[in-house]
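Engineer: The structure under discussion is supplied below as structure tokens; questions concerning it will follow.
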Number of protein chains: 4
Amino acid sequence: MTDDRLGIWLVGAWGGVSTTVAVGLAALQEGLVDETGLVSALPRFAKLNLADWPQFVIGGHEIRQTDYVAEAQSLARLSGVFSTELLQGVENRLREFDQNVRDGSLLNVGKTIESFASTSTKKTKSESPKSTIDRICADLNEFRETHGLRHVIVVNAASTEPPLESDAKDWDWAKLSESLRKSKKSQIPASSIYAVAAMISECSYVNFTPSVGSDMPALCELALEQGVLHVGRDGKTGETLLKSVLAPMFADRHLNVMSWVGHNIFGNMDGKVLDDPINKANKVRSKDHLLTEILGYTPQTLVSIEFIESMADWKTAWDHIHFQGFLNTKMTMQFTWQGCDSLLAAPLVLDLVRLTEREWRRGKSGIMSHLSSFFKSPMGTDVAEFAGQYRQLLEWADEVEKTSAS
Amino acid sequence: MTDDRLGIWLVGAWGGVSTTVAVGLAALQEGLVDETGLVSALPRFAKLNLADWPQFVIGGHEIRQTDYVAEAQSLARLSGVFSTELLQGVENRLREFDQNVRDGSLLNVGKTIESFASTSTKKTKSESPKSTIDRICADLNEFRETHGLRHVIVVNAASTEPPLESDAKDWDWAKLSESLRKSKKSQIPASSIYAVAAMISECSYVNFTPSVGSDMPALCELALEQGVLHVGRDGKTGETLLKSVLAPMFADRHLNVMSWVGHNIFGNMDGKVLDDPINKANKVRSKDHLLTEILGYTPQTLVSIEFIESMADWKTAWDHIHFQGFLNTKMTMQFTWQGCDSLLAAPLVLDLVRLTEREWRRGKSGIMSHLSSFFKSPMGTDVAEFAGQYRQLLEWADEVEKTSAS
Amino acid sequence: MTDDRLGIWLVGAWGGVSTTVAVGLAALQEGLVDETGLVSALPRFAKLNLADWPQFVIGGHEIRQTDYVAEAQSLARLSGVFSTELLQGVENRLREFDQNVRDGSLLNVGKTIESFASTSTKKTKSESPKSTIDRICADLNEFRETHGLRHVIVVNAASTEPPLESDAKDWDWAKLSESLRKSKKSQIPASSIYAVAAMISECSYVNFTPSVGSDMPALCELALEQGVLHVGRDGKTGETLLKSVLAPMFADRHLNVMSWVGHNIFGNMDGKVLDDPINKANKVRSKDHLLTEILGYTPQTLVSIEFIESMADWKTAWDHIHFQGFLNTKMTMQFTWQGCDSLLAAPLVLDLVRLTEREWRRGKSGIMSHLSSFFKSPMGTDVAEFAGQYRQLLEWADEVEKTSAS
Amino acid sequence: MTDDRLGIWLVGAWGGVSTTVAVGLAALQEGLVDETGLVSALPRFAKLNLADWPQFVIGGHEIRQTDYVAEAQSLARLSGVFSTELLQGVENRLREFDQNVRDGSLLNVGKTIESFASTSTKKTKSESPKSTIDRICADLNEFRETHGLRHVIVVNAASTEPPLESDAKDWDWAKLSESLRKSKKSQIPASSIYAVAAMISECSYVNFTPSVGSDMPALCELALEQGVLHVGRDGKTGETLLKSVLAPMFADRHLNVMSWVGHNIFGNMDGKVLDDPINKANKVRSKDHLLTEILGYTPQTLVSIEFIESMADWKTAWDHIHFQGFLNTKMTMQFTWQGCDSLLAAPLVLDLVRLTEREWRRGKSGIMSHLSSFFKSPMGTDVAEFAGQYRQLLEWADEVEKTSAS
């Protein structure tokens with residue numbers, strides 16, 4: 001089945017999450033690790049006939065100049081992840097993946113992200129939106145043809161962009177495409193430019209970040225028109241995952257959450273970008289809305305995300321939940337979550353790629369709302385409780401099984 | 001509707017949970033508090049036409065000599081719960097409830113519980129099982145007749161008994177009833193004797209403790225024969241509630257839980273009883289099995305429950321969850337839960353009474369498996385995840401609504 | 001000895017700390033409580049012949065309109081402190097203390113504090129510095145004469161002011177006094193105006209807040225000239241106390257603190273004032289400097305103080321200390337501190353008053369550097385470790401004992 | 001100065017602590033690491049003219065069959081410590097140290113420790129006490145002569161033995177030595193047999209474990225007679241260190257500690273031994289007494305130490321401190337300590353060796369009470385507060401400096 005090849009195109013290709021995706025995929029292909037952490041590898045999804053790890057090849061866009069081995073070694077050294085044996089075992093495959101990485105786009109990414117750009121990427125700053133899209137499409141097509149790929153899934157794993165304030169987010173595709181074609185400048189952020197290019201190139205698009213990506217009417221329209229799939233937004237890996245798991249308990253038990261305070265500290269590249277208040281605004285927004293959705297009222301909330309260099313990739317969250325029980329008695333729950341960010345995110349990216357490919361193989365297009373459990377701000381659904389979101393996934397799996405059996 | 005009266009019969013009537021049930025019910029009847037903490041008061045159950053608070057009257061069995069006001073004041077002083085205003089507002093009702101409390105039974109409750117017994121209760125020690133059952137039936141019938149009650153729900157809220165090792169737990173009702181009728185002694189614990197008497201007296205039975213109660217084939221048989229309802233076992237109020245909420249997340253995300261350590265400290269009467277290792281065995285068993293059920297494998301677990309006097313009714317749990325993610329990376333989640341035990345338990349008792357009465361009004365009998373979300377070791381179901389258990393409750397509510405509408 | 005009377009003059013007289021000082025002193029005078037939490041009541045200070053509780057009477061300045069009973073009941077209701085019995089037992093004394101409260105000053109206190117001002121206090125806004133000082137002096141003299149007080153200690157327990165940026169903080173007394181006498185306006189904050197008036201009136205001055213108070217060369221000069229004592233700054237009650245206790249351990253063991261993150265949440269009046277970033281700046285500064293002093297290098301630090309209304313007077317701090325040990329192994333210590341702010345602060349205020357009076361009785365004047373263990377930013381000493389600061393107190397006690405014995 | 005050689009003789013030579021001592025010393029000798037975590041390397045001890053790392057050579061006794069490289073790799077793999085580069089850089093030195101390891105003794109070590117014994121060590125089980133001592137002395141003398149060592153310090157870093165209940169712990173040296181000479185069996189545990197042999201061989205002795213070691217009148221006598229130094233007992237590395245740092249704060253502030261609960265989990269070899277309740281008794285005793293000494297009263301305490309395999313060498317402690325402040329307000333402090341046990345212990349062993357050698361060079365003998373800050377149950381002093389213990393060390397350093405200058 002390995003001649004039936006599939007492509008993972010990572011935007012932010014040499015970042016922490018993508019590097020871990022690359023290391024992890026290579027390790028799975030070499031048979032060096034088990035499938036712990038991969039949702040799609042659970043027995044309950046065994047009958048879905050998902051793509052096998054050896055079928056995938058990695059490419060991507062990146063604005064910095066580095067390579068997978070260097071980034072993986074840096075992660076290993078700073079964060080104590082990946083054994084030396086593991087890294088040695090995947091080195092060759094990582095060098096092959098490196099060959100498929102191309103210069104990214106700096107359109108509306110904000111000053112902090114720009115400051116990390118390589119010399120060659122900086123040259124693209126004067127590109128018009130149209131040229132950028134053409135360039136990205138060319139990169140994607142080259143990737144597909146060179147490797148003989150049946151389908152390519154573009155995954156946005158780049159740093160968080162500033163929020164999109166323009167009214168372009170309400171445009172339809174006719175209006176947006178005209179603007180992209182004609183204007184020399186655009187307020188559309190890079191994450192959406194990538195989505196446009198992906199869809200035009202008949203690739204599916206997964207937005208693992210809080211950036212806008214394909215979460216606009218225009219792109220929902222384009223996806224249907226092009227017959228491709230898309231989903232997002234912002235992979236749910238730690239504190240927010242716990243909120244979507246714990247908040248329903250308070251709601252179901254009629255316990256009144258008075259305040260929910262969450263402090264996050266971490267020290268990776270993503271942390272450096274979020275240290276810029278403009279980029280951070282997007283992230284905090286993505287972490288904070290679901291309490292109201294789940295509880296049905298708005299407790300006092302506080303979400304902080306702070307860059308603490310010594311933490312490296314280990315994101316530690318402390319949450320303090322103050323609630324009232326019977327006779328208005330005040331009680332407290334606190335938790336600390338000490339998770340390694342890239343190692344939590346990377347398997348979800350691989351899951352999303354596999355699950356997207358499976359849905360594409362069924363001939364579907366548009367938003368994959370059944371993947372809501374993977375995201376902080378899921379597209380196409382109002383369900384905010386993790387258990388309810390996961391049930392959507394299970395129900396989808398049942399349907400796939402049934403329809404493919406018949 | 002207040003001439004349609006209902007009885008709550010509390011076994012362990014003056015204990016911390018029951019005292020809080022009494023204070024809470026009285027406060028609700030006086031309109032002194034809102035319904036926070038009461039599951040049955042959530043909007044989603046509004047159409048079930050549940051019984052109103054003023055319909056209920058409280059009675060019970062108790063082995064100690066005290067009264068509601070004294071116990072409530074002691075709870076207030078030691079644990080900082082109940083305002084002075086609240087206690088003043090319910091004092092009259094509490095004194096009325098006191099009139100309905102009768103001497104309990106000491107059959108096989110273990111030495112620690114025996115040591116708390118009042119002089120008059122101690123006199124019952126030589127009673128045969130048959131006499132005890134007759135006495136309890138008489139008490140229940142008197143309660144029903146005196147207050148003109150349409151139905152009485154017996155709730156076991158007494159301290160935890162030692163585990164039942166006898167093979168009597170596998171007997172059918174024929175064999176058990178013969179033994180109870182003929183033997184002078186019995187290994188059947190008090191919690192089950194109360195269940196037998198309740199069912200014979202056509203009362204429903206709710207077991208809020210880890211004791212055996214009605215969780216035996218013989219009593220399941222008797223309940224159906226008598227047309228009464230029953231359910232249990234061990235109210236799920238804190239650490240175990242969280243386990244049933246959090247463990248599914250680890251399972252659903254394919255994160256490998258290597259160890260789950262839980263330490264509980266508290267200082268109320270229940271804590272004193274659990275300081276006896278024989279009684280504690282029952283409790284720890286009840287808290288520990290569900291991880292295997294949810295995860296599908298058995299991580300190393302440790303559950304400690306320790307009596308720390310200064311904590312009074314504030315049960316504090318520290319849980320340390322050590323898990324492996326992708327590429328076998330070890331990560332950690334910790335939580336502390338600072339909950340006031342009686343205030344968490346009491347509203348659930350009131351919920352269970354209301355929900356049992358509703359089901360009885362529909363003419364049902366036997367185990368109420370749809371109440372699984374309230375219990376650590378639910379009867380009549382294998383579902384161990386809180387979200388799945390809660391869905392059972394919602395589905396039951398949908399059915400009740402539908403059938404009562406037609 | 002109760003005809004030998006002493007005065008405690010509280011600036012911010014009806015605030016949370018002062019109210020607790022008043023309730024506590026009254027309770028001690030009535031014999032309703034023991035001396036837990038009072039440093040000066042430890043056996044090791046028994047021979048110092050400190051003033052007795054019945055000797056003290058309370059007065060003060062306040063900008064809001066309320067009274068002790070209302071404030072104490074509010075604290076009790078929101079924060080679950082003070083039993084109903086205790087409050088009833090001290091009510092008469094609290095009403096007497098109320099008689100001694102006068103309108104405070106709004107000079108340079110910032111907009112947030114101004115917004116709480118009573119109608120009568122607002123009228124003082126146009127006062128010149130000189131008039132304010134004269135008015136305060138008159139209040140202090142009236143207090144002393146009315147109650148026949150041997151000595152009055154003025155304690156600043158008001159909300160935190162914005163930092164003093166003016167160069168007046170470097171002036172000598174000649175220059176400052178001239179400016180205060182002649183200018184219609186002044187940049188000198190209220191806390192320092194109170195200190196000037198206190199010293200002119202021959203009262204001692206204790207600054208329990210991060211505001212400047214007497215921490216200026218000019219006021220150090222004035223104190224010596226007037227023969228009065230003073231000390232400050234910012235009572236050390238929670239997270240910073242722990243820093244001064246824990247950081248020396250890391251230093252002494254040569255463990256390299258890479259980062260120290262501290263998040264504080266609380267919901268009292270002080271919290272509301274600190275929600276104004278201008279006032280908060282002063283506070284954070286006061287909490288953050290001592291790590292460098294103790295460790296000898298500057299780890300990455302983060303201190304947040306956030307107003308979370310539901311917490312009321314319960315200040316909860318979470319600190320995450322990330323350190324390197326041998327072979328550069330990264331390790332972590334975390335703590336949570338759940339302390340009731342006013343109840344931690346009030347006994348220290350009473351201690352400071354007693355210890356100041358004792359020193360004044362010996363005929364001393366100037367800064368009391370031996371009281372460093374009570375303050376976040378102690379005046380007159382470089383010692384930052386709690387143990388070292390406490391030794392200064394013990395050595396002073398030894399000296400007092402020796403000299404008073406001879 | 002490297003021809004002035006010194007010996008470190010580790011009892012439990014291939015255990016986790018000793019392996020880390022060996023790796024650490026080798027790394028210091030190779031210049032691969034800095035001196036973080038080493039107390040003796042602090043600037044304040046720079047003038048003491050302590051021995052240099054290259055002067056030391058390692059040997060020891062061990063009951064298991066393994067080697068340093070295997071143990072170090074196992075620690076690295078299970079606990080994520082030691083980089084691959086570091087281990088490669090010290091491999092040769094570790095193999096040299098291996099040459100100096102000899103069979104240990106199984107006298108009264110308890111069944112759990114026995115179960116780990118190698119074939120050759122098992123053969124020594126029938127040895128008489130006298131033969132064991134002779135054998136150990138021969139090993140020590142051979143070590144000294146082979147390497148031309150000026151002084152050898154024997155450090156007990158073996159697993160915790162069962163408590164010594166025999167009255168031999170009160171004997172004088174005459175009685176003990178006669179018994180050891182004549183009896184075929186003895187109740188004296190291995191830790192004390194090593195101490196006897198060390199002293200007879202004119203070596204100094206450091207007891208880093210809770211076992212008895214030299215903490216008996218007979219051995220204090222022998223040490224003085226032989227002119228050697230000794231000290232102990234039980235290295236203070238984590239939770240107890242924090243108790244000795246934090247408890248004084250509660251005492252100094254007159255805060256009433258009602259209960260102090262400490263739960264420890266870890267998964268190394270030491271943990272396996274402590275899983276045997278007999279061995280654990282000794283450990284818990286060593287962790288629990290100091291609160292009474294520091295506070296002057298006995299709060300309710302609980303100390304648990306549990307073996308959780310997944311934790312490996314990472315000892316995590318959760319402590320819950322419940323205390324009363326002013327007006328008997330109950331407050332709480334909690335901490336979690338996530339420390340790598342061997343990495344915390346090893347530098348202290350190296351410090352103790354250096355500081356012992358320095359004292360020996362001054363011609364001193366007997367107990368080194370100034371090293372109290374390193375131990376849970378320090379010998380020769382009543383000071384229990386860490387700050388006070390550390391002051392003893394600083395005062396000793398001042399004295400050494402002064403006397404060596406003159």
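The chains in the structure tokens are called A, B, ... from first to last as shown; in each chain the residues are counted from 1, and the ligands are counted from 1 in the order shown.
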Considering only C-alpha atoms, extract the chain D residues located within 10 Å of chain B and return them as a PDB file with C-alpha atoms, in the first residue's frame.

Structural biologist:
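Done, and the output landed in selection_38.pdb:
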```pdb
ATOM      1  CA  SER D  79      14.566   9.105  35.090  1.00  0.00           C
ATOM      2  CA  GLY D  80      15.688  11.279  32.214  1.00  0.00           C
ATOM      3  CA  VAL D 257       0.176  24.281  63.134  1.00  0.00           C
ATOM      4  CA  MET D 258      -2.798  21.968  63.660  1.00  0.00           C
ATOM      5  CA  SER D 259      -1.749  19.270  61.221  1.00  0.00           C
ATOM      6  CA  TRP D 260       1.083  18.633  58.786  1.00  0.00           C
ATOM      7  CA  VAL D 261       0.487  15.879  56.289  1.00  0.00           C
ATOM      8  CA  GLY D 262       3.240  14.743  53.933  1.00  0.00           C
ATOM      9  CA  HIS D 263       2.882  12.177  51.187  1.00  0.00           C
ATOM     10  CA  ILE D 265       5.995   8.918  46.151  1.00  0.00           C
ATOM     11  CA  PRO D 299       0.658  18.834  65.735  1.00  0.00           C
ATOM     12  CA  GLN D 300      -1.108  15.890  64.159  1.00  0.00           C
ATOM     13  CA  THR D 301       1.295  14.586  61.548  1.00  0.00           C
ATOM     14  CA  LEU D 302       1.200  11.989  58.839  1.00  0.00           C
ATOM     15  CA  SER D 304       3.714   8.381  53.969  1.00  0.00           C
ATOM     16  CA  GLU D 306       5.079   4.936  48.806  1.00  0.00           C
ATOM     17  CA  PHE D 307       6.748   3.101  45.971  1.00  0.00           C
ATOM     18  CA  ILE D 308       5.287   4.184  42.622  1.00  0.00           C
ATOM     19  CA  GLU D 309       7.351   2.593  39.915  1.00  0.00           C
ATOM     20  CA  SER D 310       6.714   5.100  37.145  1.00  0.00           C
ATOM     21  CA  MET D 311       8.265   7.896  39.217  1.00  0.00           C
ATOM     22  CA  THR D 316       7.420  13.929  44.573  1.00  0.00           C
ATOM     23  CA  TRP D 318       2.825  16.802  48.606  1.00  0.00           C
ATOM     24  CA  ASP D 319       2.614  18.515  51.953  1.00  0.00           C
ATOM     25  CA  HIS D 320      -0.566  19.980  53.396  1.00  0.00           C
ATOM     26  CA  HIS D 322      -3.170  23.351  58.206  1.00  0.00           C
ATOM     27  CA  PHE D 323      -2.635  26.176  60.647  1.00  0.00           C
ATOM     28  CA  GLN D 324      -4.515  28.675  62.754  1.00  0.00           C
ATOM     29  CA  THR D 329      -8.708  31.515  61.620  1.00  0.00           C
ATOM     30  CA  LYS D 330      -7.830  28.288  59.826  1.00  0.00           C
ATOM     31  CA  GLN D 334       0.413  23.243  50.400  1.00  0.00           C
ATOM     32  CA  THR D 336       4.709  19.923  45.992  1.00  0.00           C
TER      33      THR D 336
END
```

Engineer: So that I can check the surroundings of region 90-99 of chain C, please list as a compact mmCIF listing (two decimals) with C-alpha atoms, in the first residue's frame every protein, DNA and RNA residue that reaches within 9 Å of it, counting only C-alpha atoms and ignoring chain neighbours fewer than 6 positions away.

Structural biologist:
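The resulting file, part_14.txt, is reproduced below:
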```
# COMPACT_ATOMS: atom_id res chain seq x y z
CA ALA C 13 -9.18 53.19 59.87
CA TRP C 14 -12.18 51.27 58.50
CA THR C 19 -11.12 46.57 61.12
CA ALA C 22 -10.02 46.73 66.02
CA VAL C 23 -11.96 43.47 66.30
CA GLY C 24 -8.85 41.64 67.48
CA ALA C 26 -11.37 44.42 71.39
CA ALA C 27 -11.54 40.62 71.59
CA GLU C 30 -12.61 41.20 76.44
CA LEU C 32 -12.57 36.31 74.09
CA VAL C 57 -7.38 52.67 72.43
CA ILE C 58 -7.97 52.98 68.69
CA GLY C 59 -8.60 56.04 66.51
CA GLY C 60 -7.77 56.94 62.95
CA ASP C 67 -18.26 51.97 60.72
CA TYR C 68 -16.47 49.06 62.37
CA VAL C 69 -19.51 46.86 62.95
```

Engineer: For CA of Arg77 (chain C) and CA of Val273 (chain C), quote the distance in Å rounded to one decimal.

Structural biologist: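 Atom-to-atom, CA of Arg77 (chain C) to CA of Val273 (chain C), that is 20.9 Å.
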
Engineer: Pick out each residue of region 340-376 of chain B that DSSP on the backbone tags as helix (DSSP H, G or I); I need them as a list in words.

Structural biologist: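 DSSP-assigned helix (DSSP H, G or I) residues in region 340-376 of chain B: Asp341, Ser342, Leu343, Leu344, Ala345, Ala346, Pro347, Leu348, Val349, Leu350, Asp351, Leu352, Val353, Arg354, Leu355, Thr356, Glu357, Arg358, Glu359, Trp360, Arg361, Ser369, His370, Leu371, Ser372, Ser373 and Phe374 of chain B.
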
Engineer: Mind checking which residues fall within 7 Å of region 347-364 of chain A, counting only C-alpha atoms, ignoring those fewer than 4 positions away in the same chain, and posting them as a PDB file with N, CA and C atoms, in the first residue's frame?

Structural biologist:
```
ATOM      1  N   VAL A  21       6.188  16.376  14.837  1.00  0.00           N
ATOM      2  CA  VAL A  21       5.437  15.589  13.864  1.00  0.00           C
ATOM      3  C   VAL A  21       6.411  14.806  12.983  1.00  0.00           C
ATOM      4  N   GLY A  37      -0.596   8.084  22.530  1.00  0.00           N
ATOM      5  CA  GLY A  37      -0.851   9.489  22.267  1.00  0.00           C
ATOM      6  C   GLY A  37      -1.575   9.738  20.948  1.00  0.00           C
ATOM      7  N   LEU A  38      -1.669   8.707  20.109  1.00  0.00           N
ATOM      8  CA  LEU A  38      -2.356   8.860  18.824  1.00  0.00           C
ATOM      9  C   LEU A  38      -3.796   8.385  18.960  1.00  0.00           C
ATOM     10  N   VAL A  39      -4.718   9.300  18.908  1.00  0.00           N
ATOM     11  CA  VAL A  39      -6.139   8.980  19.036  1.00  0.00           C
ATOM     12  C   VAL A  39      -6.557   7.989  17.950  1.00  0.00           C
ATOM     13  N   SER A  40      -6.078   8.233  16.733  1.00  0.00           N
ATOM     14  CA  SER A  40      -6.523   7.416  15.603  1.00  0.00           C
ATOM     15  C   SER A  40      -6.027   5.980  15.695  1.00  0.00           C
ATOM     16  N   LEU A  50      -7.715   3.317   8.158  1.00  0.00           N
ATOM     17  CA  LEU A  50      -6.986   4.586   8.018  1.00  0.00           C
ATOM     18  C   LEU A  50      -5.669   4.352   7.296  1.00  0.00           C
ATOM     19  N   ALA A  51      -5.127   5.397   6.734  1.00  0.00           N
ATOM     20  CA  ALA A  51      -3.840   5.290   6.042  1.00  0.00           C
ATOM     21  C   ALA A  51      -2.755   4.832   7.017  1.00  0.00           C
ATOM     22  N   ILE A 153      -2.514  17.096   2.602  1.00  0.00           N
ATOM     23  CA  ILE A 153      -3.211  17.854   3.638  1.00  0.00           C
ATOM     24  C   ILE A 153      -2.260  18.928   4.161  1.00  0.00           C
ATOM     25  N   LEU A 229     -11.603  19.402   2.002  1.00  0.00           N
ATOM     26  CA  LEU A 229     -12.010  19.434   3.408  1.00  0.00           C
ATOM     27  C   LEU A 229     -11.205  20.467   4.169  1.00  0.00           C
TER      28      LEU A 229
ATOM     29  N   PHE B 326       2.948  10.899  23.564  1.00  0.00           N
ATOM     30  CA  PHE B 326       3.609  10.520  22.314  1.00  0.00           C
ATOM     31  C   PHE B 326       5.104  10.309  22.553  1.00  0.00           C
TER      32      PHE B 326
END
```

Engineer: Extract, using only C-alpha atoms, all DNA, RNA and protein residues at most 6 Å from Gly104 (chain B), discarding same-chain residues fewer than 4 positions from it, and format them as a short mmCIF file (atom, residue, chain, number, x, y, z; two decimals) with N, CA and C atoms, in the first residue's frame.

Structural biologist:
```
data_model
loop_
_atom_site.label_atom_id
_atom_site.label_comp_id
_atom_site.auth_asym_id
_atom_site.auth_seq_id
_atom_site.Cartn_x
_atom_site.Cartn_y
_atom_site.Cartn_z
N HIS B 61 -33.33 6.53 61.49
CA HIS B 61 -32.74 5.72 62.54
C HIS B 61 -31.35 6.25 62.87
N GLU B 62 -30.99 6.13 64.14
CA GLU B 62 -29.68 6.66 64.55
C GLU B 62 -29.21 5.88 65.77
N ILE B 63 -27.91 5.63 65.85
CA ILE B 63 -27.41 4.87 67.01
C ILE B 63 -26.84 5.77 68.10
#
```

Engineer: May I have the residues within 8 Å of Leu176 (chain C) as an NGL selection string, using only C-alpha atoms and disregarding those fewer than 5 positions away in the same chain?

Structural biologist: :C and (168 or 171 or 218)

Engineer: Where in region 126-348 of chain B does DSSP assign strand (DSSP E), given as a count of residues only?

Structural biologist: 57

Engineer: Take CA of Gly366 (chain D) and CA of Leu290 (chain D) and report the distance between them in Å, one decimal.

Structural biologist: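 Those two atoms sit 23.7 Å apart.
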
Engineer: If we count only C-alpha atoms, what is near Leu222 (chain D) at a cut-off of 12 Å, once residues fewer than 6 positions away on the same chain are taken out, given as a VMD selection string?

Structural biologist: chain D and resid 171 to 177 192 195 to 205 214 to 216 228 to 230 365 to 367

Engineer: Env of Thr237 (chain A): 9 Å cut, atoms = only C-alpha atoms, seq-sep filter 6 positions within chain, self excluded. Answer as a list in words.

Structural biologist: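 The contact residues come out as Gly339, Asp341, Leu344, Ala345, Leu348, Phe374, Phe375 and Lys376 of chain A.
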